[in-house]
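**Student:** Sharing model_11.txt here; it has compact mmCIF, C-alpha atoms.
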```txt
# COMPACT_ATOMS: atom_id res chain seq x y z
CA MET A 539 -0.89 -3.04 4.05
CA SER A 540 2.20 -0.83 4.07
CA ALA A 541 1.15 0.66 0.74
CA HIS A 542 -1.81 2.16 2.56
CA GLY A 543 0.20 3.30 5.58
CA LEU A 544 2.78 5.90 6.53
CA THR A 545 5.47 4.54 4.18
CA SER A 546 3.46 4.94 0.98
CA ASP A 547 5.24 7.15 -1.57
CA SER A 548 2.13 9.30 -1.92
CA TYR A 549 1.56 9.71 1.82
CA ARG A 550 1.24 13.26 3.14
CA PRO A 551 1.71 13.55 6.91
CA SER A 552 -0.60 15.61 9.12
CA PHE A 553 0.49 16.87 12.53
CA SER A 554 -1.77 19.90 12.96
CA GLY A 555 -5.32 21.22 12.73
CA HIS A 556 -6.44 20.66 16.33
CA GLU A 557 -4.86 23.94 17.48
CA THR A 558 -3.58 21.89 20.50
CA PHE A 559 -7.15 21.35 21.77
CA PRO A 560 -8.02 17.71 22.62
CA LEU A 561 -11.42 16.33 21.60
CA ARG A 562 -14.09 17.48 24.07
CA TYR A 563 -17.65 16.59 24.95
CA GLY A 564 -20.29 18.32 22.84
CA TRP A 565 -18.02 19.21 19.93
CA LEU A 566 -19.01 16.42 17.56
CA GLN A 567 -22.72 17.03 18.09
CA LYS A 568 -22.25 20.76 17.37
CA ALA A 569 -20.26 20.05 14.22
CA TYR A 570 -22.79 17.53 12.93
CA ARG A 571 -25.72 19.86 13.57
CA ALA A 572 -24.02 22.84 11.92
CA VAL A 573 -23.17 20.93 8.73
CA ASN A 574 -26.48 19.07 8.64
CA GLU A 575 -28.40 22.34 8.78
CA ALA A 576 -26.30 24.02 6.08
CA PRO A 577 -28.07 24.30 2.71
CA SER A 578 -25.17 22.69 0.83
CA ALA A 579 -21.70 21.17 1.26
CA LYS A 580 -20.20 24.47 0.07
CA HIS A 581 -22.15 26.46 2.66
CA ALA A 582 -21.12 23.95 5.34
CA VAL A 583 -17.46 24.97 4.99
CA HIS A 584 -18.38 28.57 5.71
CA VAL A 585 -20.10 27.57 8.95
CA PHE A 586 -16.59 27.15 10.36
CA ARG A 587 -15.03 30.15 8.57
CA ASP A 588 -17.55 32.97 8.74
CA PRO A 589 -17.09 35.76 11.29
CA ASP A 590 -20.16 34.62 13.23
CA ALA A 591 -18.74 31.08 13.67
CA ILE A 592 -17.40 32.13 17.10
CA ALA A 593 -20.88 33.12 18.25
CA HIS A 594 -22.47 30.11 16.53
CA PHE A 595 -20.28 27.57 18.35
CA GLY A 596 -19.79 29.59 21.50
CA VAL A 597 -16.00 29.16 21.49
CA GLY A 598 -12.90 31.05 20.29
CA ARG A 599 -11.68 31.10 16.69
CA ASN A 600 -8.97 28.46 17.19
CA MET A 601 -11.42 26.16 18.94
CA VAL A 602 -13.82 26.41 15.98
CA GLY A 603 -11.01 25.02 13.81
CA ALA A 604 -10.40 22.26 16.34
CA ILE A 605 -14.09 21.27 16.29
CA ARG A 606 -13.99 20.84 12.52
CA TYR A 607 -10.70 18.93 12.75
CA TRP A 608 -11.95 16.40 15.31
CA ALA A 609 -15.36 15.95 13.66
CA THR A 610 -13.62 15.03 10.40
CA ALA A 611 -11.01 12.86 12.13
CA ALA A 612 -13.67 10.94 14.06
CA GLY A 613 -15.76 10.19 10.97
CA ILE A 614 -18.69 12.51 11.78
CA LEU A 615 -17.97 14.81 8.84
CA GLU A 616 -16.15 14.17 5.58
CA GLU A 617 -14.47 16.42 3.04
CA SER A 618 -15.88 16.34 -0.48
CA ALA A 619 -14.98 18.12 -3.71
CA ASP A 620 -17.81 20.57 -3.00
CA GLY A 621 -17.20 21.14 0.70
CA LEU A 622 -18.22 19.35 3.89
CA LEU A 623 -20.77 16.56 4.31
CA THR A 624 -22.16 14.60 7.24
CA THR A 625 -21.52 10.83 7.31
CA TRP A 626 -23.67 7.79 8.08
CA LEU A 627 -21.96 7.57 11.49
CA GLY A 628 -22.81 11.17 12.30
CA ALA A 629 -26.41 10.60 11.23
CA MET A 630 -26.70 7.36 13.21
CA LEU A 631 -25.49 9.01 16.40
CA PHE A 632 -26.73 12.60 16.21
CA ASP A 633 -29.66 12.86 13.79
CA LYS A 634 -33.15 13.72 15.04
CA ASN A 635 -33.70 10.04 15.90
CA GLY A 636 -30.03 9.40 16.61
CA THR A 637 -29.05 6.38 18.68
CA ASP A 638 -26.62 8.14 21.03
CA PRO A 639 -26.91 11.95 20.86
CA TYR A 640 -24.91 12.51 24.07
CA LEU A 641 -22.25 9.82 23.44
CA GLU A 642 -23.17 7.85 26.54
CA GLU A 643 -22.48 4.39 25.04
CA ASP A 644 -19.11 2.65 24.80
CA ALA A 645 -19.95 1.40 21.28
CA SER A 646 -20.06 4.99 20.01
CA LEU A 647 -16.69 5.85 21.57
CA TRP A 648 -15.05 2.74 20.12
CA LEU A 649 -16.33 3.70 16.65
CA LEU A 650 -14.95 7.23 17.03
CA HIS A 651 -11.59 5.84 18.13
CA TRP A 652 -11.59 3.43 15.18
CA HIS A 653 -12.03 6.32 12.73
CA ILE A 654 -9.25 8.32 14.38
CA ALA A 655 -6.64 5.56 14.72
CA SER A 656 -7.24 3.01 11.95
CA ARG A 657 -6.58 5.40 9.06
CA PRO A 658 -3.25 7.11 8.34
CA HIS A 659 -4.92 10.53 8.00
CA LEU A 660 -3.78 11.54 11.51
CA THR A 661 -0.10 10.62 11.45
CA SER A 662 0.57 10.55 15.20
CA ALA A 663 -2.57 8.59 16.12
CA TYR A 664 -2.01 6.00 13.40
CA TRP A 665 1.65 5.64 14.32
CA LEU A 666 1.07 5.33 18.06
CA PHE A 667 -1.63 2.66 17.83
CA ASN A 668 -0.30 0.75 14.82
CA GLU A 669 3.48 1.16 14.76
CA PHE A 670 4.70 1.80 18.30
CA ARG A 671 5.82 -1.43 19.95
CA GLY A 672 6.91 -0.16 23.35
CA GLY A 673 5.38 -0.57 26.80
CA SER A 674 5.45 2.45 29.06
CA PHE A 675 6.83 5.69 27.66
CA VAL A 676 7.54 9.34 28.33
CA ARG A 677 6.62 11.72 25.52
CA GLN A 678 10.15 11.89 24.11
CA ASP A 679 10.06 8.09 23.64
CA ILE A 680 7.34 8.53 21.04
CA VAL A 681 8.43 11.88 19.60
CA SER A 682 11.94 10.70 18.64
CA PRO A 683 11.01 7.62 16.54
CA LEU A 684 8.26 9.57 14.76
CA LEU A 685 10.76 12.30 13.86
CA LYS A 686 13.14 9.59 12.65
CA LEU A 687 10.39 8.18 10.42
CA ALA A 688 9.71 11.68 9.05
CA GLN A 689 13.38 12.00 8.16
CA GLU A 690 13.54 8.52 6.57
CA GLN A 691 10.43 9.20 4.48
CA GLY A 692 11.63 12.65 3.44
CA TRP A 693 8.55 14.43 4.79
CA ASN A 694 9.06 18.14 4.29
CA ARG A 695 9.02 20.74 7.05
CA VAL A 696 8.28 18.45 9.99
CA ALA A 697 9.53 20.30 13.07
CA SER A 698 10.13 18.53 16.38
CA THR A 699 7.97 21.11 18.20
CA THR A 700 5.05 20.36 15.83
CA VAL A 701 5.29 16.60 16.37
CA ASP A 702 5.68 17.08 20.13
CA ARG A 703 2.57 19.31 20.31
CA ASP A 704 0.59 16.87 18.18
CA LEU A 705 1.46 13.89 20.40
CA GLN A 706 0.82 15.93 23.54
CA CYS A 707 -2.67 16.79 22.24
CA LEU A 708 -3.27 13.14 21.32
CA LEU A 709 -2.28 11.95 24.80
CA ARG A 710 -4.58 14.53 26.41
CA THR A 711 -7.40 13.31 24.16
CA TYR A 712 -6.97 9.73 25.42
CA ILE A 713 -5.90 10.40 29.01
CA GLY A 714 -7.45 13.73 29.97
CA GLY A 715 -5.69 16.71 31.45
CA ARG A 716 -4.10 15.01 34.48
CA GLY A 717 -5.71 17.08 37.22
CA SER A 718 -6.42 20.17 35.16
CA SER A 719 -9.89 21.42 34.29
CA GLU A 720 -9.76 19.19 31.19
CA ALA A 721 -9.32 15.96 33.15
CA GLY A 722 -13.00 15.04 33.02
CA ASP A 723 -13.59 16.65 29.65
CA SER A 724 -11.99 14.14 27.32
CA ILE A 725 -14.43 11.73 25.67
CA LEU A 726 -11.99 9.01 24.67
CA ALA A 727 -10.27 8.81 28.06
CA GLU A 728 -13.19 6.58 29.08
CA LEU A 729 -11.86 3.81 26.83
CA GLY A 730 -8.72 3.48 28.97
CA LEU A 731 -6.50 2.83 25.94
CA ILE A 732 -3.68 5.04 27.22
CA ARG A 733 -3.16 5.13 30.97
CA PRO A 734 -1.06 7.57 32.98
CA MET A 735 1.50 5.90 35.26
CA ASP A 736 2.84 9.07 36.89
CA LYS A 737 3.21 12.75 36.01
CA TYR A 738 5.33 12.03 32.92
CA ARG A 739 5.02 8.36 32.04
CA SER A 740 2.09 6.63 30.27
CA ARG A 741 1.44 3.22 28.75
CA LEU A 742 -0.69 1.70 26.04
CA SER A 743 -3.20 -0.57 27.74
CA ARG A 744 -3.10 -3.82 25.77
CA GLY A 745 -5.47 -6.61 26.76
CA ARG A 746 -9.11 -7.63 26.88
CA LYS A 747 -11.63 -4.88 26.14
CA SER A 748 -14.88 -5.90 27.80
CA SER A 749 -16.64 -2.66 26.79
CA LEU A 750 -15.99 -3.24 23.05
CA PRO A 751 -19.19 -4.73 21.55
CA ASN A 752 -18.88 -7.56 19.05
CA SER A 753 -20.98 -5.58 16.58
CA VAL A 754 -18.30 -2.86 16.51
CA PHE A 755 -15.56 -5.50 16.16
CA LEU A 756 -17.43 -7.04 13.20
CA TYR A 757 -17.86 -3.68 11.47
CA CYS A 758 -14.16 -2.91 11.91
CA ILE A 759 -13.00 -6.34 10.69
CA ASN A 760 -15.03 -5.83 7.53
CA GLU A 761 -13.80 -2.30 6.97
CA PHE A 762 -10.18 -3.36 7.52
CA TRP A 763 -10.72 -6.19 5.03
CA GLU A 764 -11.92 -3.71 2.40
CA ILE A 765 -8.65 -1.79 2.72
CA PHE A 766 -6.32 -4.71 3.30
CA ALA A 767 -7.43 -7.23 0.66
CA PRO A 768 -10.92 -6.63 -0.75
CA GLU A 769 -10.63 -9.40 -3.35
CA GLN A 770 -9.53 -12.13 -0.94
CA ALA A 771 -12.00 -14.67 0.45
CA THR A 772 -9.84 -15.38 3.52
CA MET A 773 -7.85 -13.39 6.06
CA SER A 774 -5.23 -14.85 8.38
CA PHE A 775 -5.44 -14.47 12.13
CA GLU A 776 -2.11 -12.64 12.04
CA ASN A 777 -3.47 -9.91 9.76
CA ALA A 778 -6.66 -9.42 11.80
CA ALA A 779 -4.66 -9.28 15.03
CA TYR A 780 -1.41 -7.59 14.10
CA GLY A 781 -1.79 -5.94 10.69
CA ARG A 782 -1.41 -2.16 10.64
CA GLY A 783 -4.89 -0.64 10.83
CA SER A 784 -6.41 -3.92 12.05
CA PRO A 785 -8.90 -4.20 14.93
CA GLY A 786 -6.30 -6.10 16.96
CA ARG A 787 -3.81 -3.25 16.71
CA VAL A 788 -6.18 -0.28 16.85
CA PHE A 789 -8.10 -1.60 19.88
CA LEU A 790 -4.93 -2.92 21.60
CA LEU A 791 -6.52 -6.36 22.02
CA ASP A 792 -4.70 -9.39 23.35
CA GLU A 793 -4.69 -12.68 21.46
CA ASP A 794 -7.23 -14.43 23.72
CA ASP A 795 -9.78 -11.64 23.30
CA ILE A 796 -9.35 -11.63 19.52
CA VAL A 797 -9.74 -15.42 19.24
CA ASN A 798 -12.80 -15.34 21.49
CA ARG A 799 -14.45 -12.76 19.22
CA LEU A 800 -13.44 -14.55 16.02
CA GLU A 801 -14.99 -17.79 17.31
CA GLN A 802 -18.32 -15.93 17.53
CA LEU A 803 -18.05 -14.39 14.05
CA ASP A 804 -20.50 -16.81 12.43
CA ASP A 805 -23.26 -15.78 14.86
CA ILE A 806 -22.43 -12.07 14.95
CA SER A 807 -22.23 -11.73 11.16
CA GLY A 808 -25.28 -13.83 10.37
CA GLY A 809 -23.11 -16.34 8.51
CA THR A 810 -21.29 -13.78 6.34
CA LEU A 811 -17.96 -14.51 8.04
CA ALA A 812 -16.72 -17.70 9.70
CA TRP A 813 -13.71 -18.63 11.82
CA SER A 814 -11.65 -21.64 10.82
CA GLU A 815 -8.89 -23.54 12.61
CA THR A 816 -7.89 -26.48 10.44
CA ALA A 817 -4.48 -28.10 10.06
CA GLY A 818 -2.96 -25.43 12.26
CA LEU A 819 -4.18 -22.68 9.93
CA ARG A 820 -6.19 -19.96 11.70
CA GLN A 821 -8.19 -17.75 9.38
CA ILE A 822 -11.43 -15.90 8.75
CA ILE A 823 -13.47 -17.02 5.76
CA ARG A 824 -15.78 -14.68 3.90
CA ARG A 825 -18.79 -16.65 2.73
CA LYS A 826 -20.82 -13.77 1.30
CA PRO A 827 -20.02 -10.28 -0.04
CA ARG A 828 -19.80 -7.49 2.51
CA LEU A 829 -23.17 -5.86 3.20
CA LEU A 830 -22.40 -2.44 4.68
CA LYS A 831 -26.05 -1.62 5.33
CA THR A 832 -26.42 -4.82 7.38
CA GLU A 833 -23.40 -3.95 9.52
CA GLN A 834 -24.73 -0.44 10.07
CA ARG A 835 -28.12 -1.86 11.03
CA ILE A 836 -26.48 -4.19 13.58
CA LEU A 837 -24.56 -1.22 15.05
CA ARG A 838 -27.75 0.82 15.26
CA GLU A 839 -29.51 -2.04 17.05
CA THR A 840 -26.61 -2.38 19.51
CA LEU A 841 -26.78 1.30 20.41
CA THR A 842 -30.59 1.37 20.54
CA ASN A 843 -30.66 -1.68 22.85
CA ALA A 844 -27.97 -0.17 25.08
CA ARG A 845 -29.97 3.03 25.45
CA SER A 846 -33.16 1.11 26.15
CA LYS A 847 -31.46 -0.72 29.04
CA VAL A 848 -30.26 2.57 30.54
CA GLU A 849 -33.66 4.23 30.22
CA ALA A 850 -35.40 1.17 31.71
```
What would you get if you wrote out this structure as structure tokens?

**Tutor:**
Amino acid sequence: MSAHGLTSDSYRPSFSGHETFPLRYGWLQKAYRAVNEAPSAKHAVHVFRDPDAIAHFGVGRNMVGAIRYWATAAGILEESADGLLTTWLGAMLFDKNGTDPYLEEDASLWLLHWHIASRPHLTSAYWLFNEFRGGSFVRQDIVSPLLKLAQEQGWNRVASTTVDRDLQCLLRTYIGGRGSSEAGDSILAELGLIRPMDKYRSRLSRGRKSSLPNSVFLYCINEFWEIFAPEQATMSFENAAYGRGSPGRVFLLDEDDIVNRLEQLDDISGGTLAWSETAGLRQIIRRKPRLLKTEQRILRETLTNARSKVEA
């Protein structure tokens, strides 16, 4: 998995683009709508660059850039050779018949977090959720080792102030503004993955995640498998739980929660995946090829059912 991570020879780090603005409510919907309504991928890029973008989004110039950054990071938009496109996730959530247009369901938030933290495209987020082993920390505890990694890997022009600002923005995205006007404005703070302990100290909240639906866990296991070892018919428990970019790492799950979910894999996946514990060997077995459309359908059903319960 390291070949796909931060230590790959071809890896290019990214510590900027958010203009120090954490992800806020309403931004992803605005970004999806703007790109979806553009006549082409090429035109979609200009939605964020044109002089009237400020009026279009109702925010300042730097914030327009932050909206594009977070929408791409969270898997709502994707860069293409021609410009910007919407994704299946954006369409599922925010299209005319979208399942969760106001991001009221935990499943949606977990999927957004997965896109942000399971891929190395955002260096700080990937590093914090997949590489950092510590318990509680002050910001310098996470800035220093990331700067050390930058030095070891020979990443060019990585300034300590840039890394510090990036991690500060990331923490605000997952914690909120700690009493400021942003405190209730951060979408991902609801997941409780990073918890403030006092004014300066925070901790990663490892353990059971009761709000994480099994359908999201299944989707993420399959996606991780595609990156980790697409040709293999089995995956060890250790890789699913502790591999970089794995659901166990990205969702900060404890071992009991992971095992409990893996034991239900046969039912959740409709027999595509199965959990095996024989002769002391714990592993997932892939019985059938991955069917992405089936996983997406299961996710859609999860979100639709969740909304139906709320509306009832």

**Student:** Would you please work out which residue, of A:Phe789, A:Gly673, A:Gln691, A:Leu830, is nearest to A:Met735 when using only C-alpha atoms?

**Tutor:** A:Gly673

**Student:** Do you know which residues are at most 10 Å from stretch 540-557 of chain A counting only C-alpha atoms, after dropping those on the same chain fewer than 5 positions away, and could you put them as a PyMOL selection string?

**Tutor:** chain A and resi 599-608+611+656-665+668-669+687-688+690-694+696-697+700-705+707-708+765-766+781-783

**Student:** Contacts of A:Ala579 at 9 Å or less, counting all atoms listed in the file, minus same-chain residues fewer than 4 places along, as a VMD selection string?

**Tutor:** chain A and resid 573 583 617 to 624

**Student:** Please, what distance in Å, to one decimal, runs between atom CA of A:Ala771 and atom CA of A:Leu750?

**Tutor:**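 Interatomic distance, atom CA of A:Ala771 to atom CA of A:Leu750: 25.6 Å.
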
**Student:** Suppose you want the space between atom CA of A:Lys686 and atom CA of A:Arg744; what is it in Å?

**Tutor:**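 About the pair atom CA of A:Lys686 and atom CA of A:Arg744: they are 24.8 Å apart.
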
**Student:** Identify, on the basis of all atoms listed in the file, every residue whose closest approach to stretch 710-713 of chain A does not exceed 9 Å; exclude the query and any residue fewer than 2 positions from it along the same chain; express the result as a list in words.

**Tutor:**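 What passes the distance filter is Phe559, Pro560, Leu561, Arg562, Leu705, Gln706, Cys707, Leu708, Gly715, Arg716, Glu720, Ala721, Asp723, Ser724, Ile725, Leu726, Ala727, Glu728, Leu729, Gly730, Leu731, Ile732, Arg733, Pro734 and Ser740 of chain A.
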
**Student:** Kindly give the distance, in Å, that separates atom CA of A:Arg835 and atom CA of A:Trp652, rounded to a single decimal.

**Tutor:**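 Separating atom CA of A:Arg835 from atom CA of A:Trp652 is a distance of 17.8 Å.
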
**Student:** Using only C-alpha atoms, which protein or nucleic acid residues come within 7 Å of A:Arg825? Drop anything in the same chain fewer than 2 positions from it, and give the result as a compact mmCIF listing (two decimals) with C-alpha atoms, in the frame of the given file.

**Tutor:**
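Writing done, so here's part-v4.txt:
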```
# COMPACT_ATOMS: atom_id res chain seq x y z
CA THR A 810 -21.29 -13.78 6.34
CA LEU A 811 -17.96 -14.51 8.04
CA ILE A 823 -13.47 -17.02 5.76
```

**Student:** Give me, as a compact mmCIF listing (two decimals) with C-alpha atoms, in the frame of the given file, all polymer residues having an atom no more than 10 Å from stretch 567-571 of chain A, counting only C-alpha atoms and skipping those fewer than 4 positions away in the same chain.

**Tutor:**
```
# COMPACT_ATOMS: atom_id res chain seq x y z
CA TYR A 563 -17.65 16.59 24.95
CA GLU A 575 -28.40 22.34 8.78
CA ALA A 576 -26.30 24.02 6.08
CA ALA A 582 -21.12 23.95 5.34
CA VAL A 585 -20.10 27.57 8.95
CA PHE A 586 -16.59 27.15 10.36
CA HIS A 594 -22.47 30.11 16.53
CA PHE A 595 -20.28 27.57 18.35
CA VAL A 602 -13.82 26.41 15.98
CA ILE A 605 -14.09 21.27 16.29
CA ARG A 606 -13.99 20.84 12.52
CA TYR A 607 -10.70 18.93 12.75
CA TRP A 608 -11.95 16.40 15.31
CA ALA A 609 -15.36 15.95 13.66
CA THR A 610 -13.62 15.03 10.40
CA ILE A 614 -18.69 12.51 11.78
CA LEU A 615 -17.97 14.81 8.84
CA LEU A 623 -20.77 16.56 4.31
CA THR A 624 -22.16 14.60 7.24
CA THR A 625 -21.52 10.83 7.31
CA GLY A 628 -22.81 11.17 12.30
CA ALA A 629 -26.41 10.60 11.23
CA LEU A 631 -25.49 9.01 16.40
CA PHE A 632 -26.73 12.60 16.21
CA ASP A 633 -29.66 12.86 13.79
CA LYS A 634 -33.15 13.72 15.04
CA PRO A 639 -26.91 11.95 20.86
CA TYR A 640 -24.91 12.51 24.07
CA LEU A 641 -22.25 9.82 23.44
```

**Student:** With 3 Å on each side, where is the centre of the axis-aligned box around all listed atoms of stretch 782-787 of chain A, and how long are its edges in Å to one decimal, as JSON?

**Tutor:**
```
{"center_x": -5.2, "center_y": -3.4, "center_z": 13.8, "size_x": 13.5, "size_y": 11.5, "size_z": 12.3}
```

**Student:** Looking at only C-alpha atoms, which of A:Thr637, A:Gln802, A:Asn777, A:Gln834 is the one that sits closest to A:Trp763?

**Tutor:**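 Residue with the minimum atom-to-atom distance to A:Trp763: A:Asn777.
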
**Student:** Take the point (-21.9, -10.9, 14.9) as written in the file and pick out every residue within 9 Å of it, counting only C-alpha atoms; give the list as an NGL selection string.

**Tutor:** :A and (752-757 or 799 or 802-809 or 811 or 833 or 836)
